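This report refers to the structure that appears directly beneath it.
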Amino acid sequence: MPVYPEDGVTMIRYRSHQAAQAAQAPQAAQAPDTTVPGVRALARSEDAASPDAADPGQLPGSTLDLTGLLALLPEPDEARGSNNWVIAGEGTRSGRPLLANDPHLGARTPSIWYEQHLVVPGLINAYGVMFPGAPGIVIGQNDRIAWGVTNTNPDVQDLYIERRNPDNPYQFEYMGRWEDAQVYREFIPVKGQDPVPFEVVVTRHGPIISEVVGDPDNRPEEALALKWTAHMATPELEAVLLFPKAQNWAEFREALRSFQVPTQNFVFADVEGTIAYRTGGLVPIRRQGDGLLPVPGWTDEYEWTGFIPFDQMPEAVNPPEGYIVTANNKVIDDAYPYFLTYSWAQPYRAMRIVEMIEAQFGDLTADDMQAMQVDYTNLHARTLLPVLLPAVERAGFTGTAAAAVDLLKSWDMVDSADQPQPLIFHLWWNELTRMLYEPLMGEELFKRMADKGNVTDMALLEAAEGRPNGWIQRAGGLERLAAASFAAAVDKAVAMQGSDPNRWSWGKFHRLQPPHPVGAAAAPLGWLLNPKTYPIGGSGVTVGAMSYGSDGMVSTFAPWRQVVDLADPTGNSRSIVTPGQSGHFLSPNYDDQSGLHSQGGLISRNFSNYREGRTLRLLPAAEAGAQP
């Protein structure tokens, strides 16, 4: 099984008529080779990677030392993303579309989402989620349409090396002249002492980020500025106010013109039977380069020349497959003429969703969509174990390790909480990647390595075919790497859960408890503010995504899940928000949905005929005085 199908069904085909239209567009960049995103970037650095390699904090060709900045960067979570998919009527039992969405975000309490039902008589009857305190609905439905969102993961950030005027620390070179930077002087209040002054220096490219550490009175000759679409003033609020009003694809598509940051994958369905996909957001076109490495900021050679035109963003309407799937995977084929990114999520979630859809296509129901959202089948293991297990078997392990090998050979490839095999596999994967990269990168850089999933998958599969790259060779070859990392994983499992692998379980280690920020910072308050802890299945590569940290606690999951049945959008729609709707720890709705969520349950959202509860009506003052 290839790591990335060259033209898989999970991709948006770039249709021939679109290609002809885009071929006339100026500044259309050649699409990069992204068969396995990130591999080219790794290959560029492979020859230089050695025990004697330069300090990872030193930027080649520059005087900048970014060691201190590197230490501040958070560790990337490759599983942070989302799933959404939509099925045309031809694939469903009812003959009408079905839509499902489960955005994967950081595990936290209260939830990032606030559920709301918005009604403006004659204009809006919509249900979904928004950020607390903000108007509109960013993900949800009304009585005619439904929409879901995942992250496209485009490359919308560039780093520029700025040359400072030695006589003026607030001037930087551009096209042979010194330009004044904007300077914002902030004061950070600190309890028990005077406020701490902090300067934000902004060049034409963006804020200087390399000087958040170091001596403010000894500024280096060069600085690093971040250019990012999120620094722009953009009108997303307009879009989320228009979404609930839309009655069809044309109106929803028009609303997406205002959704510019962040760039997202939108799927859509309506009661008339239309299903659609569109990438919404701003993606830059670069005059030169691809944004992988910092570029000179003193010249215009690497400037952004604009953004991919709205009408040439990826889009699909009623595709012949009868369904559309996005799971942060590669959503375009290589005919697409613009550069989006080198780095896509591993394809396993998208591939598994397609697998489940095609298995029941023609008879799919809302119940099936709900079950798919918590599917814990591990296609990553299905892909790699045929490569890794033979090497471990040839190593001739005995005792506990041999028993662990036998367990993996009999595994159903499901990351269920009560099985030992997911524990073995994921500890093995962690040890394998650590042994492969950390000796050369160092601990700090390895922990912040992005896209190691796709890169490592391809490296292992190619090594199994007799083409090991330099990283594999430096680790002693595939067989030695597989055996050594497996032994280390078994040792970790023994230290955690004893010497009998049959008594190990994934759920003893892998647990869900979205922490309250105060409860996480002060352990005694955690007893009061943190929700109950649940053993949970899944992982970062399963459709029911549950990525985790070194302590086994889930760090990213789906606090919002929704399923919309367009045969009865107001009567047979369902969702859940976790841990609960209220942010007040004494409220009965603070943590009342976690248990159901952990079991894969959803709550019926019949928002046309409420059976119980209270309604808050917001009326103009003149009308309010006349109400009984």
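We name chains A, B, ... following the order of the structure tokens; residues begin at 1 in each chain, and ligands are numbered from 1 as shown.
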Between range 479-581 of chain A and range 387-401 of chain A, at 10 Å or less, what are the per-residue closest atom pairs and their distances in Å? Count only C-alpha atoms, order by chain and rising residue number, and return it as a tab-separated table.
residue	atom	partner	partner_atom	distance
A:Glu479	CA	A:Ala391	CA	5.0
A:Arg480	CA	A:Ala391	CA	8.0
A:Leu481	CA	A:Ala391	CA	9.1
A:Ala482	CA	A:Leu388	CA	6.1
A:Ala483	CA	A:Val392	CA	5.1
A:Ala484	CA	A:Val392	CA	8.8
A:Ser485	CA	A:Val392	CA	9.6
A:Phe486	CA	A:Val392	CA	7.5
A:Ala487	CA	A:Ala401	CA	6.9
A:Ala488	CA	A:Ala401	CA	9.8
A:Ala489	CA	A:Ala401	CA	9.3
A:Val490	CA	A:Ala401	CA	6.2
A:Asp491	CA	A:Ala401	CA	8.6
A:Val494	CA	A:Thr400	CA	8.5
A:Gly498	CA	A:Thr400	CA	9.9
A:Ser499	CA	A:Thr400	CA	6.4
A:Asp500	CA	A:Thr400	CA	6.7
A:Pro501	CA	A:Thr400	CA	6.8
A:Asn502	CA	A:Thr400	CA	9.8
File of the preceding selection, N, CA and C atoms, as a PDB file, in the first residue's frame:
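Contents of again-v8.pdb, as written:
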ATOM      1  N   GLU A 479      16.709  -3.605   9.844  1.00  0.00           N
ATOM      2  CA  GLU A 479      16.509  -4.702  10.795  1.00  0.00           C
ATOM      3  C   GLU A 479      17.026  -4.325  12.181  1.00  0.00           C
ATOM      4  N   ARG A 480      18.191  -3.730  12.234  1.00  0.00           N
ATOM      5  CA  ARG A 480      18.731  -3.340  13.536  1.00  0.00           C
ATOM      6  C   ARG A 480      17.863  -2.268  14.184  1.00  0.00           C
ATOM      7  N   LEU A 481      17.413  -1.290  13.390  1.00  0.00           N
ATOM      8  CA  LEU A 481      16.551  -0.232  13.917  1.00  0.00           C
ATOM      9  C   LEU A 481      15.237  -0.809  14.438  1.00  0.00           C
ATOM     10  N   ALA A 482      14.614  -1.701  13.669  1.00  0.00           N
ATOM     11  CA  ALA A 482      13.343  -2.288  14.079  1.00  0.00           C
ATOM     12  C   ALA A 482      13.495  -3.087  15.363  1.00  0.00           C
ATOM     13  N   ALA A 483      14.544  -3.905  15.451  1.00  0.00           N
ATOM     14  CA  ALA A 483      14.727  -4.760  16.623  1.00  0.00           C
ATOM     15  C   ALA A 483      15.079  -3.945  17.866  1.00  0.00           C
ATOM     16  N   ALA A 484      15.980  -2.976  17.722  1.00  0.00           N
ATOM     17  CA  ALA A 484      16.398  -2.189  18.880  1.00  0.00           C
ATOM     18  C   ALA A 484      15.251  -1.340  19.414  1.00  0.00           C
ATOM     19  N   SER A 485      14.484  -0.751  18.526  1.00  0.00           N
ATOM     20  CA  SER A 485      13.372   0.089  18.975  1.00  0.00           C
ATOM     21  C   SER A 485      12.256  -0.756  19.577  1.00  0.00           C
ATOM     22  N   PHE A 486      12.050  -1.978  19.042  1.00  0.00           N
ATOM     23  CA  PHE A 486      11.042  -2.858  19.621  1.00  0.00           C
ATOM     24  C   PHE A 486      11.436  -3.273  21.038  1.00  0.00           C
ATOM     25  N   ALA A 487      12.702  -3.608  21.241  1.00  0.00           N
ATOM     26  CA  ALA A 487      13.167  -3.988  22.582  1.00  0.00           C
ATOM     27  C   ALA A 487      12.974  -2.834  23.563  1.00  0.00           C
ATOM     28  N   ALA A 488      13.269  -1.614  23.127  1.00  0.00           N
ATOM     29  CA  ALA A 488      13.095  -0.451  24.000  1.00  0.00           C
ATOM     30  C   ALA A 488      11.624  -0.225  24.321  1.00  0.00           C
ATOM     31  N   ALA A 489      10.753  -0.467  23.343  1.00  0.00           N
ATOM     32  CA  ALA A 489       9.315  -0.301  23.575  1.00  0.00           C
ATOM     33  C   ALA A 489       8.799  -1.325  24.584  1.00  0.00           C
ATOM     34  N   VAL A 490       9.252  -2.549  24.457  1.00  0.00           N
ATOM     35  CA  VAL A 490       8.834  -3.588  25.401  1.00  0.00           C
ATOM     36  C   VAL A 490       9.305  -3.239  26.810  1.00  0.00           C
ATOM     37  N   ASP A 491      10.531  -2.753  26.926  1.00  0.00           N
ATOM     38  CA  ASP A 491      11.032  -2.349  28.245  1.00  0.00           C
ATOM     39  C   ASP A 491      10.154  -1.255  28.850  1.00  0.00           C
ATOM     40  N   VAL A 494       6.854  -2.840  30.034  1.00  0.00           N
ATOM     41  CA  VAL A 494       7.067  -3.600  31.270  1.00  0.00           C
ATOM     42  C   VAL A 494       7.145  -2.654  32.461  1.00  0.00           C
ATOM     43  N   GLY A 498       3.907  -4.014  33.885  1.00  0.00           N
ATOM     44  CA  GLY A 498       4.301  -5.340  34.309  1.00  0.00           C
ATOM     45  C   GLY A 498       4.840  -6.199  33.190  1.00  0.00           C
ATOM     46  N   SER A 499       5.253  -7.405  33.524  1.00  0.00           N
ATOM     47  CA  SER A 499       5.980  -8.262  32.590  1.00  0.00           C
ATOM     48  C   SER A 499       5.100  -9.209  31.781  1.00  0.00           C
ATOM     49  N   ASP A 500       3.783  -9.202  32.005  1.00  0.00           N
ATOM     50  CA  ASP A 500       2.889 -10.086  31.257  1.00  0.00           C
ATOM     51  C   ASP A 500       2.164  -9.275  30.191  1.00  0.00           C
ATOM     52  N   PRO A 501       2.538  -9.386  28.914  1.00  0.00           N
ATOM     53  CA  PRO A 501       1.906  -8.582  27.872  1.00  0.00           C
ATOM     54  C   PRO A 501       0.402  -8.804  27.746  1.00  0.00           C
ATOM     55  N   ASN A 502      -0.071  -9.973  28.138  1.00  0.00           N
ATOM     56  CA  ASN A 502      -1.507 -10.234  28.037  1.00  0.00           C
ATOM     57  C   ASN A 502      -2.311  -9.381  29.017  1.00  0.00           C
TER      58      ASN A 502
END
Report task. Point out the residue among A:Thr365, A:Thr326, A:Asn168, A:Ser539 with the least atom-to-atom distance to Pro422 in chain A, counting only C-alpha atoms. Result ->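 Nearest to Pro422 in chain A: A:Ser539.
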Report task. Please identify all polymer residues within 8 Å of range 377-384 of chain A, counting only C-alpha atoms, omitting same-chain residues fewer than 2 positions from it, and present them as an MDAnalysis selection string. Result -> chainID A and resid 1 348:349 352 375 386:388 413:415 425 457 460:461 538 541:543
Requested in this report: Apply DSSP to the structure's backbone, then extract all residues of range 428-628 of chain A labelled strand (DSSP E) and return them as number ranges by chain.
Outcome: A: 511-512, 534-535, 547-548, 554-557, 560-565, 574-577, 603-604
Applying 10 Å and only C-alpha atoms, which residues near Gly306 in chain A remain after dropping the ones on its own chain fewer than 5 positions away? List them as a PDB file with N, CA and C atoms, in the first residue's frame.
ATOM      1  N   GLN A  27       1.490  34.067 -12.858  1.00  0.00           N
ATOM      2  CA  GLN A  27       2.169  33.717 -11.617  1.00  0.00           C
ATOM      3  C   GLN A  27       1.733  32.359 -11.077  1.00  0.00           C
ATOM      4  N   LEU A 282      -6.945  32.385   2.214  1.00  0.00           N
ATOM      5  CA  LEU A 282      -5.883  33.021   1.448  1.00  0.00           C
ATOM      6  C   LEU A 282      -4.631  32.148   1.462  1.00  0.00           C
ATOM      7  N   VAL A 283      -4.095  31.861   0.269  1.00  0.00           N
ATOM      8  CA  VAL A 283      -2.840  31.125   0.131  1.00  0.00           C
ATOM      9  C   VAL A 283      -1.931  31.955  -0.756  1.00  0.00           C
ATOM     10  N   PRO A 284      -0.735  32.325  -0.276  1.00  0.00           N
ATOM     11  CA  PRO A 284       0.100  33.249  -1.037  1.00  0.00           C
ATOM     12  C   PRO A 284       0.728  32.628  -2.281  1.00  0.00           C
ATOM     13  N   ILE A 285       0.974  33.499  -3.252  1.00  0.00           N
ATOM     14  CA  ILE A 285       1.790  33.171  -4.418  1.00  0.00           C
ATOM     15  C   ILE A 285       3.126  33.878  -4.219  1.00  0.00           C
ATOM     16  N   ARG A 286       4.209  33.130  -4.285  1.00  0.00           N
ATOM     17  CA  ARG A 286       5.543  33.685  -4.040  1.00  0.00           C
ATOM     18  C   ARG A 286       6.250  33.965  -5.368  1.00  0.00           C
ATOM     19  N   ARG A 287       6.934  35.101  -5.412  1.00  0.00           N
ATOM     20  CA  ARG A 287       7.690  35.421  -6.618  1.00  0.00           C
ATOM     21  C   ARG A 287       8.795  34.392  -6.850  1.00  0.00           C
TER      22      ARG A 287
END
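Counting only C-alpha atoms and comparing A:Tyr342, A:Trp504, A:Tyr437, A:Tyr170, the residue that lies closest to Gln182 in chain A is A:Tyr170.
Taking CA of Leu445 in chain A and CA of Thr433 in chain A as endpoints, the distance between them is 12.8 Å.
Using only C-alpha atoms, the shortest contact distance between Trp113 in chain A and any of A:Gly140, A:Pro294, A:Pro97, A:Pro220 is found at A:Gly140.
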Report task. Name the closest residue to Gly148 in chain A among the candidates A:Trp411, A:Trp560, A:Tyr184, A:Trp471; distances are taken between atoms, counting only C-alpha atoms. Result -> A:Trp560
